[in-house]
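Q: Got a structure for you, upload_4.csv, holding CSV, C-alpha atoms.
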chain,number,residue,atom,x,y,z
A,1,MET,CA,0.0,0.0,0.0
A,2,ALA,CA,1.4,3.4,-1.0
A,3,ASN,CA,2.6,5.6,1.9
A,4,MET,CA,0.5,8.6,2.5
A,5,HIS,CA,1.6,11.8,4.3
A,6,LYS,CA,-0.8,14.6,4.9
A,7,LEU,CA,0.1,18.2,5.8
A,8,VAL,CA,-2.4,20.7,7.1
A,9,LEU,CA,-1.0,23.9,5.6
A,10,GLY,CA,-2.0,26.1,8.5
A,11,THR,CA,1.2,24.9,10.2
A,12,TRP,CA,3.3,25.8,7.2
A,13,LYS,CA,5.6,22.9,7.8
A,14,ILE,CA,6.6,20.2,5.4
A,15,ARG,CA,7.5,16.9,7.0
A,16,TYR,CA,8.5,14.8,3.9
A,17,LYS,CA,11.3,15.5,1.5
A,18,PHE,CA,12.2,14.0,-1.9
A,19,HIS,CA,15.2,13.4,-4.0
A,20,PHE,CA,14.9,14.7,-7.6
A,21,ILE,CA,16.8,16.3,-10.4
A,22,ALA,CA,16.4,20.0,-11.3
A,23,GLY,CA,16.7,21.0,-15.0
A,24,ILE,CA,15.8,23.4,-17.7
A,25,LEU,CA,12.3,23.3,-19.1
A,26,LEU,CA,12.3,22.6,-22.8
A,27,ILE,CA,9.1,21.2,-24.1
A,28,ALA,CA,5.6,21.0,-22.5
A,29,PHE,CA,2.2,20.2,-23.9
A,30,VAL,CA,-1.2,20.3,-22.5
A,31,ILE,CA,-4.1,17.9,-22.9
A,32,ALA,CA,-7.4,19.3,-21.5
A,33,ALA,CA,-10.3,16.9,-21.1
A,34,LEU,CA,-12.7,19.7,-20.6
A,35,TYR,CA,-10.9,22.3,-22.7
A,36,THR,CA,-12.8,25.2,-24.4
A,37,THR,CA,-11.6,27.8,-26.7
A,38,GLY,CA,-11.6,30.6,-24.1
A,39,TYR,CA,-10.2,28.4,-21.2
A,40,SER,CA,-6.6,29.5,-21.7
A,41,ARG,CA,-7.6,33.0,-20.8
A,42,ILE,CA,-8.4,32.0,-17.2
A,43,PHE,CA,-4.8,32.7,-16.2
A,44,LEU,CA,-5.0,36.3,-17.3
A,45,GLU,CA,-6.9,39.3,-16.1
A,46,GLN,CA,-8.0,40.0,-19.6
A,47,GLN,CA,-7.4,38.9,-23.2
A,48,THR,CA,-3.9,39.3,-24.6
A,49,THR,CA,-3.6,42.8,-26.2
A,50,PRO,CA,-2.1,42.5,-29.7
A,51,ASN,CA,-0.5,45.3,-31.6
A,52,ASP,CA,-3.1,46.9,-34.0
A,53,SER,CA,-1.2,45.9,-37.2
A,54,ILE,CA,-0.6,42.3,-36.1
A,55,PRO,CA,-3.6,39.9,-36.7
A,56,TYR,CA,-1.9,37.0,-34.8
A,57,CYS,CA,0.4,36.9,-31.8
A,58,ASP,CA,2.9,34.2,-31.2
A,59,LEU,CA,3.1,34.2,-27.4
A,60,PHE,CA,6.4,32.2,-27.5
A,61,SER,CA,8.3,34.6,-29.7
A,62,GLY,CA,9.6,37.5,-27.6
A,63,LYS,CA,12.2,38.6,-25.1
A,64,TRP,CA,12.8,38.9,-21.4
A,65,VAL,CA,12.3,42.4,-20.0
A,66,TYR,CA,13.7,43.5,-16.6
A,67,ASP,CA,10.7,44.6,-14.4
A,68,ASN,CA,11.6,45.5,-10.8
A,69,ILE,CA,8.2,47.2,-10.2
A,70,SER,CA,5.6,44.5,-10.7
A,71,TYR,CA,7.9,41.5,-10.2
A,72,PRO,CA,8.5,39.1,-8.4
A,73,LEU,CA,4.9,37.7,-8.4
A,74,TYR,CA,5.7,36.0,-5.1
A,75,LYS,CA,8.6,35.8,-2.6
A,76,GLU,CA,10.4,32.6,-1.8
A,77,GLN,CA,10.2,33.1,2.0
A,78,GLN,CA,6.4,33.7,1.9
A,79,CYS,CA,5.5,30.6,-0.1
A,80,PHE,CA,4.7,27.4,1.8
A,81,LEU,CA,6.0,25.1,-1.0
A,82,VAL,CA,9.4,26.1,-2.3
A,83,GLU,CA,11.2,22.8,-2.2
A,84,ASP,CA,14.9,22.6,-1.4
A,85,ALA,CA,16.0,21.8,-5.0
A,86,PHE,CA,14.6,25.2,-6.0
A,87,ALA,CA,15.2,27.3,-2.9
A,88,CYS,CA,17.9,29.5,-4.2
A,89,GLU,CA,17.6,32.2,-1.4
A,90,LYS,CA,17.6,29.6,1.3
A,91,TYR,CA,20.8,28.1,0.0
A,92,GLY,CA,22.7,31.3,-0.3
A,93,ARG,CA,22.0,33.1,-3.5
A,94,LYS,CA,22.3,36.8,-2.8
A,95,ASP,CA,21.7,38.2,-6.3
A,96,LEU,CA,17.9,38.2,-6.7
A,97,LYS,CA,17.7,39.9,-10.1
A,98,TYR,CA,16.7,36.7,-11.7
A,99,GLN,CA,13.2,37.0,-10.1
A,100,LYS,CA,12.4,40.3,-11.9
A,101,TRP,CA,12.4,39.4,-15.5
A,102,ARG,CA,9.1,39.5,-17.4
A,103,TRP,CA,8.4,37.6,-20.7
A,104,GLN,CA,7.3,40.1,-23.4
A,105,PRO,CA,6.0,38.7,-26.7
A,106,HIS,CA,7.1,40.7,-29.7
A,107,ASP,CA,3.6,41.4,-31.0
A,108,CYS,CA,1.3,41.6,-28.0
A,109,ASP,CA,1.2,42.3,-24.3
A,110,LEU,CA,0.4,39.7,-21.6
A,111,PRO,CA,-1.7,40.9,-18.7
A,112,ARG,CA,-0.6,40.2,-15.1
A,113,PHE,CA,-1.4,36.7,-13.7
A,114,ASN,CA,-4.7,36.7,-11.8
A,115,ALA,CA,-4.7,34.0,-9.1
A,116,THR,CA,-8.4,34.6,-8.1
A,117,ALA,CA,-9.6,34.2,-11.7
A,118,LEU,CA,-7.6,30.9,-12.0
A,119,MET,CA,-9.1,29.4,-8.9
A,120,GLU,CA,-12.6,30.4,-9.8
A,121,ASN,CA,-12.2,28.7,-13.2
A,122,LEU,CA,-10.7,25.6,-11.5
A,123,TRP,CA,-13.9,25.4,-9.3
A,124,GLY,CA,-14.8,21.7,-9.0
A,125,LYS,CA,-11.9,20.6,-11.3
A,126,LYS,CA,-8.7,18.7,-11.1
A,127,LEU,CA,-5.5,19.9,-12.7
A,128,VAL,CA,-2.6,17.4,-12.9
A,129,PHE,CA,1.1,18.1,-13.8
A,130,VAL,CA,2.7,14.9,-15.1
A,131,GLY,CA,6.5,14.6,-15.8
A,132,ASP,CA,9.8,15.2,-14.2
A,133,SER,CA,11.3,17.9,-11.9
A,134,LEU,CA,10.5,20.5,-14.5
A,135,ASN,CA,6.8,20.1,-14.1
A,136,ARG,CA,7.3,19.6,-10.4
A,137,ASN,CA,8.8,23.1,-10.4
A,138,GLN,CA,5.9,24.4,-12.4
A,139,PHE,CA,3.5,22.7,-9.9
A,140,GLY,CA,5.3,24.3,-7.0
A,141,SER,CA,5.4,27.7,-8.6
A,142,MET,CA,1.7,27.6,-9.4
A,143,LEU,CA,0.9,26.9,-5.7
A,144,CYS,CA,3.0,29.9,-4.8
A,145,LEU,CA,1.1,32.0,-7.3
A,146,ILE,CA,-2.4,31.0,-6.2
A,147,GLU,CA,-1.7,31.2,-2.4
A,148,PRO,CA,-2.8,34.9,-2.1
A,149,ALA,CA,-6.2,34.0,-3.6
A,150,ILE,CA,-6.9,31.4,-0.9
A,151,PRO,CA,-8.0,33.0,2.5
A,152,PRO,CA,-5.8,32.1,5.4
A,153,THR,CA,-8.9,30.6,7.2
A,154,SER,CA,-9.7,28.4,4.2
A,155,SER,CA,-9.2,24.7,4.5
A,156,LYS,CA,-6.4,23.4,2.4
A,157,SER,CA,-4.0,20.4,2.5
A,158,LEU,CA,-1.0,18.9,0.8
A,159,ILE,CA,-0.8,15.2,0.5
A,160,TRP,CA,2.1,12.9,-0.6
A,161,LYS,CA,0.8,9.6,-1.9
A,162,GLY,CA,3.0,7.3,-3.9
A,163,ASN,CA,4.2,9.2,-7.0
A,164,SER,CA,1.8,12.1,-6.4
A,165,VAL,CA,1.9,15.4,-4.5
A,166,ILE,CA,-1.7,16.6,-4.1
A,167,PHE,CA,-2.9,20.0,-3.2
A,168,ASN,CA,-6.6,20.5,-2.2
A,169,ALA,CA,-8.3,23.9,-1.9
A,170,THR,CA,-11.6,23.0,-0.1
A,171,ASP,CA,-13.3,26.4,-0.6
A,172,TYR,CA,-12.9,26.0,-4.4
A,173,ASN,CA,-13.5,22.3,-4.4
A,174,ALA,CA,-10.3,22.2,-6.6
A,175,THR,CA,-7.3,19.9,-6.8
A,176,ILE,CA,-3.9,20.6,-8.2
A,177,GLU,CA,-1.6,17.6,-8.4
A,178,PHE,CA,1.9,16.6,-9.5
A,179,TYR,CA,2.6,13.1,-10.7
A,180,TRP,CA,6.2,11.9,-11.1
A,181,SER,CA,6.6,10.1,-14.5
A,182,PRO,CA,9.8,11.5,-16.1
A,183,LEU,CA,9.5,9.4,-19.3
A,184,LEU,CA,5.7,9.4,-19.3
A,185,VAL,CA,5.7,5.6,-20.1
A,186,GLU,CA,6.9,3.1,-17.5
A,187,SER,CA,10.6,2.9,-16.7
A,188,ASN,CA,13.0,2.0,-13.9
A,189,CYS,CA,13.1,5.8,-13.1
A,190,ASP,CA,9.6,6.0,-11.9
A,191,ASP,CA,10.3,6.1,-8.1
A,192,ILE,CA,9.7,9.7,-7.0
A,193,ALA,CA,12.4,9.4,-4.4
A,194,ASP,CA,14.9,6.9,-5.9
A,195,HIS,CA,15.3,7.4,-9.6
A,196,ARG,CA,19.0,7.9,-10.2
A,197,VAL,CA,19.9,4.9,-12.2
A,198,GLN,CA,22.9,4.3,-14.4
A,199,THR,CA,21.0,2.5,-17.2
A,200,ARG,CA,17.5,3.8,-18.0
A,201,ILE,CA,15.1,1.0,-19.0
A,202,ILE,CA,11.8,1.9,-20.7
A,203,ARG,CA,8.7,0.0,-21.3
A,204,VAL,CA,8.1,2.2,-24.3
A,205,LYS,CA,4.7,0.7,-25.1
A,206,ALA,CA,3.3,0.7,-21.6
A,207,ILE,CA,1.6,3.7,-20.0
A,208,GLU,CA,-1.5,2.1,-18.3
A,209,LYS,CA,0.1,2.0,-14.9
A,210,HIS,CA,0.6,5.7,-14.9
A,211,ALA,CA,-2.4,6.7,-16.9
A,212,ARG,CA,-4.9,5.2,-14.4
A,213,GLN,CA,-3.6,7.7,-11.8
A,214,TRP,CA,-4.9,10.7,-13.9
A,215,THR,CA,-8.0,9.4,-15.6
A,216,ASP,CA,-10.2,11.6,-13.4
A,217,ALA,CA,-8.2,14.8,-14.3
A,218,ASP,CA,-10.0,17.7,-16.1
A,219,ILE,CA,-6.7,19.2,-17.3
A,220,LEU,CA,-3.4,17.4,-17.9
A,221,VAL,CA,-0.1,19.2,-18.3
A,222,PHE,CA,2.7,16.9,-19.6
A,223,ASP,CA,6.4,17.5,-20.0
A,224,SER,CA,9.0,15.1,-21.1
A,225,PHE,CA,12.3,15.8,-22.9
A,226,MET,CA,15.5,16.0,-20.9
A,227,TRP,CA,15.3,12.4,-19.7
A,228,TRP,CA,15.4,11.2,-23.3
A,229,LEU,CA,18.7,12.8,-24.2
A,230,LYS,CA,21.1,10.0,-23.0
A,231,PRO,CA,23.0,8.6,-25.9
A,232,ASN,CA,21.8,5.0,-25.2
A,233,MET,CA,18.8,3.7,-23.4
A,234,THR,CA,17.4,0.2,-23.0
A,235,LEU,CA,13.9,-0.6,-24.3
A,236,LEU,CA,11.9,-3.4,-22.6
A,237,TRP,CA,9.2,-5.5,-24.2
A,238,GLY,CA,7.4,-7.4,-21.4
A,239,LEU,CA,7.3,-6.9,-17.7
A,240,PHE,CA,10.0,-5.8,-15.3
A,241,GLY,CA,11.3,-9.0,-13.6
A,242,SER,CA,9.8,-11.3,-16.1
A,243,SER,CA,11.9,-14.2,-17.5
A,244,ASP,CA,10.2,-13.6,-20.9
A,245,ALA,CA,11.1,-9.9,-21.1
A,246,ILE,CA,13.1,-8.7,-24.1
A,247,PHE,CA,15.7,-6.0,-23.6
A,248,LYS,CA,17.4,-4.0,-26.4
A,249,GLU,CA,19.8,-1.2,-26.0
A,250,VAL,CA,19.3,1.5,-28.6
A,251,GLY,CA,20.5,5.0,-29.6
A,252,MET,CA,18.2,6.9,-31.9
A,253,ARG,CA,16.8,9.2,-29.3
A,254,GLN,CA,14.2,10.6,-31.7
A,255,LEU,CA,12.9,7.2,-32.4
A,256,ARG,CA,12.6,6.3,-28.7
A,257,TYR,CA,10.9,9.6,-28.1
A,258,GLU,CA,8.4,9.2,-30.9
A,259,MET,CA,7.5,5.7,-29.8
A,260,ALA,CA,6.7,6.9,-26.2
A,261,LEU,CA,4.6,9.9,-27.4
A,262,ASN,CA,2.7,7.7,-29.8
A,263,THR,CA,2.0,5.4,-26.8
A,264,CYS,CA,0.3,8.1,-24.9
A,265,ARG,CA,-0.8,9.8,-27.9
A,266,GLY,CA,27.4,26.6,-20.8
A,267,GLU,CA,29.4,27.3,-23.9
A,268,ASP,CA,26.3,27.9,-25.8
A,269,TRP,CA,26.3,31.6,-24.7
A,270,GLY,CA,30.0,32.4,-25.4
A,271,MET,CA,31.5,31.1,-22.2
A,272,GLU,CA,34.6,28.8,-22.0
A,273,THR,CA,34.0,25.1,-22.6
A,274,GLY,CA,32.9,23.3,-19.4
A,275,GLN,CA,31.4,26.4,-17.7
A,276,ASN,CA,27.8,26.3,-16.4
A,277,CYS,CA,25.1,28.5,-14.9
A,278,TYR,CA,27.1,29.4,-11.8
A,279,ASN,CA,27.3,33.1,-11.2
A,280,GLU,CA,25.2,33.9,-14.2
A,281,THR,CA,23.0,37.0,-13.4
A,282,ASP,CA,21.4,38.0,-16.7
A,283,PRO,CA,19.4,36.2,-19.4
A,284,ILE,CA,20.6,35.7,-23.0
A,285,LEU,CA,19.3,38.8,-24.8
A,286,ASN,CA,20.3,37.7,-28.3
A,287,ASN,CA,17.1,36.8,-30.2
A,288,GLU,CA,19.0,34.6,-32.6
A,289,TYR,CA,20.4,32.4,-29.8
A,290,TRP,CA,19.5,28.7,-30.1
A,291,GLY,CA,20.6,26.1,-27.5
A,292,SER,CA,22.9,23.3,-28.7
A,293,ALA,CA,20.8,20.7,-26.8
A,294,THR,CA,17.5,21.9,-28.3
A,295,ASP,CA,16.4,19.4,-30.9
A,296,ARG,CA,14.1,20.7,-33.6
A,297,GLU,CA,13.4,17.2,-34.8
A,298,MET,CA,12.1,16.2,-31.4
A,299,MET,CA,9.8,19.2,-31.5
A,300,GLN,CA,8.5,18.0,-34.8
A,301,ILE,CA,7.8,14.6,-33.2
A,302,VAL,CA,5.7,16.2,-30.5
A,303,GLU,CA,3.8,18.2,-33.1
A,304,SER,CA,3.1,15.1,-35.2
A,305,ALA,CA,1.9,13.1,-32.1
A,306,ILE,CA,-0.4,16.0,-31.2
A,307,HIS,CA,-1.8,16.1,-34.7
A,308,LYS,CA,-2.6,12.4,-34.5
A,309,LEU,CA,-4.6,13.0,-31.3
A,310,GLU,CA,-6.4,16.0,-32.8
A,311,THR,CA,-7.5,13.8,-35.8
A,312,ARG,CA,-9.2,11.6,-33.2
A,313,GLY,CA,-11.1,14.5,-31.8
A,314,LEU,CA,-8.9,15.2,-28.7
A,315,LYS,CA,-8.2,18.9,-28.1
A,316,VAL,CA,-4.6,19.5,-27.4
A,317,GLU,CA,-2.8,22.8,-26.7
A,318,TYR,CA,0.9,22.7,-27.4
A,319,LEU,CA,3.1,25.1,-25.4
A,320,ASN,CA,6.5,25.2,-27.0
A,321,ILE,CA,8.4,27.3,-24.4
A,322,THR,CA,11.8,25.9,-25.4
A,323,GLN,CA,13.2,29.2,-26.7
A,324,LEU,CA,12.0,31.4,-23.9
A,325,SER,CA,13.4,29.0,-21.3
A,326,ASP,CA,16.7,28.6,-23.1
A,327,TYR,CA,17.3,32.3,-22.7
A,328,ARG,CA,17.3,32.0,-18.9
A,329,LYS,CA,20.8,30.9,-18.1
A,330,ASP,CA,20.5,33.1,-15.0
A,331,ALA,CA,17.5,31.3,-13.5
A,332,HIS,CA,19.0,27.8,-12.9
A,333,PRO,CA,19.5,27.0,-9.2
A,334,SER,CA,23.1,26.0,-9.9
A,335,VAL,CA,24.8,25.4,-6.5
A,336,HIS,CA,22.0,27.3,-4.6
A,337,ARG,CA,19.9,24.3,-3.7
A,338,ARG,CA,20.0,21.1,-1.6
A,339,PHE,CA,22.4,18.4,-2.9
A,340,TRP,CA,22.2,14.7,-2.0
A,341,VAL,CA,25.9,14.1,-2.8
A,342,PRO,CA,28.9,16.3,-1.8
A,343,LEU,CA,29.6,19.1,-4.2
A,344,THR,CA,32.8,19.0,-6.3
A,345,GLU,CA,34.7,22.0,-7.7
Please express the file's structure as structure tokens.
A:
Amino acid sequence: MANMHKLVLGTWKIRYKFHFIAGILLIAFVIAALYTTGYSRIFLEQQTTPNDSIPYCDLFSGKWVYDNISYPLYKEQQCFLVEDAFACEKYGRKDLKYQKWRWQPHDCDLPRFNATALMENLWGKKLVFVGDSLNRNQFGSMLCLIEPAIPPTSSKSLIWKGNSVIFNATDYNATIEFYWSPLLVESNCDDIADHRVQTRIIRVKAIEKHARQWTDADILVFDSFMWWLKPNMTLLWGLFGSSDAIFKEVGMRQLRYEMALNTCRGEDWGMETGQNCYNETDPILNNEYWGSATDREMMQIVESAIHKLETRGLKVEYLNITQLSDYRKDAHPSVHRRFWVPLTE
């Protein structure tokens, strides 16, 4: 039976901690079971305001603008769920400039996030983030963003159950959940606390074990990319532990990635080789920059898988935030987080 740990948030104490890997968010896509055309506007105070001469606005083409007046949207010390892997201030980061950059699309303006509007539109619904530490970070950030919209006297809870972290806001009858599944399909990396393995083994045609955990979700937010980038991974046909199982080590990361999606339907910025995000304080401001690890072919695989789902009548919203995330070399926790092994130079 899965272990369950429940936290009454009025105490603002977290009694259970996890091991997990932080990273850079590259690709995310959303499947909404009850999605409507106007639903994406619930996160905003009003509709996006386009420039008069531009009939269409690409929200993901833009630049980061320094804004020390209206940002940050929340402060780390005031949020009940900033986990140690993302707690930069707690672990000694003094430069807080990274908190004050606002994404500005080239052809329109984004209104300020409205937590009350979000919670009202989540009334009676369940929103589930599925993926790796990237979506776990998004889940935690969303809870920090909506906290001001929930009255202090309101009943709310945070529950750890198996691979899930579940937040319930009773007054809104709403649930926001994170489910750990870094490769979406089954793998030997599926333990939320113990997933650091030397050889990644994937049941590339098996998703039922995970999927049954989110069948009651109204909105699903998936991310899966970084865990597929190892040069070689092992594919498994059959069951873990079965004598009849077939294992095959393969490269071809695009093929592996495509198979899984079909199942579920430093020197980059001019630094010396080997340098990383440590001591970086500004985003990349060159609009032509493209990260060396960013794979356009894998993006096309995502788009193709989504198109197949749409031909079956399933509404999917694809959020390709690769480029806007790649610009933020200053926003990685680097050494300013909890480590589970001793740091090296």
Q: Can you tell me, as an mmCIF file with C-alpha atoms, in the coordinates of the input, what residues are no more than 8 Å from range 73-76 of chain A when counting all atoms listed in the file, ignoring any on the same chain fewer than 3 positions away?
A:
data_model
loop_
_atom_site.group_PDB
_atom_site.id
_atom_site.type_symbol
_atom_site.label_atom_id
_atom_site.label_comp_id
_atom_site.auth_asym_id
_atom_site.auth_seq_id
_atom_site.Cartn_x
_atom_site.Cartn_y
_atom_site.Cartn_z
ATOM 1 C CA SER A 70 5.600 44.500 -10.700
ATOM 2 C CA CYS A 79 5.500 30.600 -0.100
ATOM 3 C CA VAL A 82 9.400 26.100 -2.300
ATOM 4 C CA ALA A 87 15.200 27.300 -2.900
ATOM 5 C CA GLU A 89 17.600 32.200 -1.400
ATOM 6 C CA CYS A 144 3.000 29.900 -4.800
ATOM 7 C CA LEU A 145 1.100 32.000 -7.300
#
Q: Using all atoms listed in the file for the distances, tell me which of A:Cys108, A:Leu81, A:Ile219, A:Val185 is nearest to Leu143 in chain A.
A: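 Checking each candidate against Leu143 in chain A, we get A:Leu81 as the closest.
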Q: Between CA of Ile201 in chain A and CA of Leu343 in chain A, what is the distance, to one decimal in Å?
A: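 Between these atoms lies a distance of 27.5 Å.
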Q: Could you list, as a ChimeraX atom specification, every residue within 7 Å of Gln104 in chain A, counting only C-alpha atoms and ignoring same-chain residues fewer than 5 positions away?
A: /A:62-65,109
Q: Leu122 in chain A: which residues within 10 Å, counting only C-alpha atoms, same-chain residues fewer than 5 positions away excluded, as a list in words?
A: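 My list of contacting residues is Ile42, Thr116, Ala117, Leu127, Tyr172, Asn173, Ala174, Thr175, Ile176, Asp218 and Ile219 of chain A.
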Q: With a distance cut-off of 9 Å and all atoms listed in the file, select the neighbouring residues of Lys90 in chain A, excluding the residue or stretch itself and same-chain residues fewer than 3 positions from it, and output the selection as a list in words.
A: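 So, after excluding close chain neighbours, the residues are Glu76, Gln77, Asp84, Ala87, Arg93, His336 and Arg337 of chain A.
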Q: Around (13.5, 15.9, -31.4) in the file's own coordinates, what residues are found within 9 Å if you use only C-alpha atoms, given back as a count of residues only?
A: 15
Q: Could you jot down the CA of Pro231 in chain A to CA of Ala193 in chain A separation for me, Å, one decimal place?
A: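 Straight-line distance from CA of Pro231 in chain A to CA of Ala193 in chain A works out to 24.0 Å.
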Q: Using all atoms listed in the file, which of A:Phe222, A:Trp237, A:Tyr98, A:Tyr278 sits nearest Val316 in chain A?
A: A:Phe222
Q: Give me, please, the distance in Å between CA of Leu220 in chain A and CA of Val128 in chain A, quoted to one decimal.
A: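 Spanning CA of Leu220 in chain A to CA of Val128 in chain A is a straight-line distance of 5.1 Å.
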Q: May I have the residues within 9 Å of Leu184 in chain A as JSON, numbers by chain, using all atoms listed in the file and disregarding those fewer than 4 positions away in the same chain?
A: {"A": [130, 131, 132, 180, 207, 210, 211, 222, 223, 224, 260, 261, 264]}
Q: Tell me which of A:Glu147, A:Val204, A:Gln198, A:Asp326 sits closest to Lys248 in chain A, counting all atoms listed in the file.
A: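 So, comparing all the options, the nearest one is A:Val204.
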Q: Here is a test: counting all atoms listed in the file, which residue of A:Ala85, A:Met142, A:Met233, A:Leu314 is nearest to Phe129 in chain A?
A: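 For Phe129 in chain A, the nearest of the given residues is A:Met142.
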Q: Let me make sure I understand: among A:Arg312, A:His307, A:Tyr289, A:Thr170, which one has the smallest atom-to-atom distance to Ser325 in chain A if we use all atoms listed in the file?
A: A:Tyr289
Q: Measuring between all atoms listed in the file, which one of A:Glu120, A:Asp58, A:Glu208, A:Glu83 shows the shortest distance to Pro105 in chain A?
A: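 Selected residue with least distance to Pro105 in chain A: A:Asp58.
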Q: Pull the closest atom pair for each residue of range 298-334 of chain A that gets at most 7 Å from range 280-283 of chain A, along with the distance in Å to one decimal, counting only C-alpha atoms, ordering rows by chain and then ascending residue number, as JSON lines.
A:
{"residue": "A:Tyr327", "atom": "CA", "partner": "A:Pro283", "partner_atom": "CA", "distance": 5.5}
{"residue": "A:Arg328", "atom": "CA", "partner": "A:Pro283", "partner_atom": "CA", "distance": 4.7}
{"residue": "A:Lys329", "atom": "CA", "partner": "A:Pro283", "partner_atom": "CA", "distance": 5.6}
{"residue": "A:Asp330", "atom": "CA", "partner": "A:Glu280", "partner_atom": "CA", "distance": 4.8}
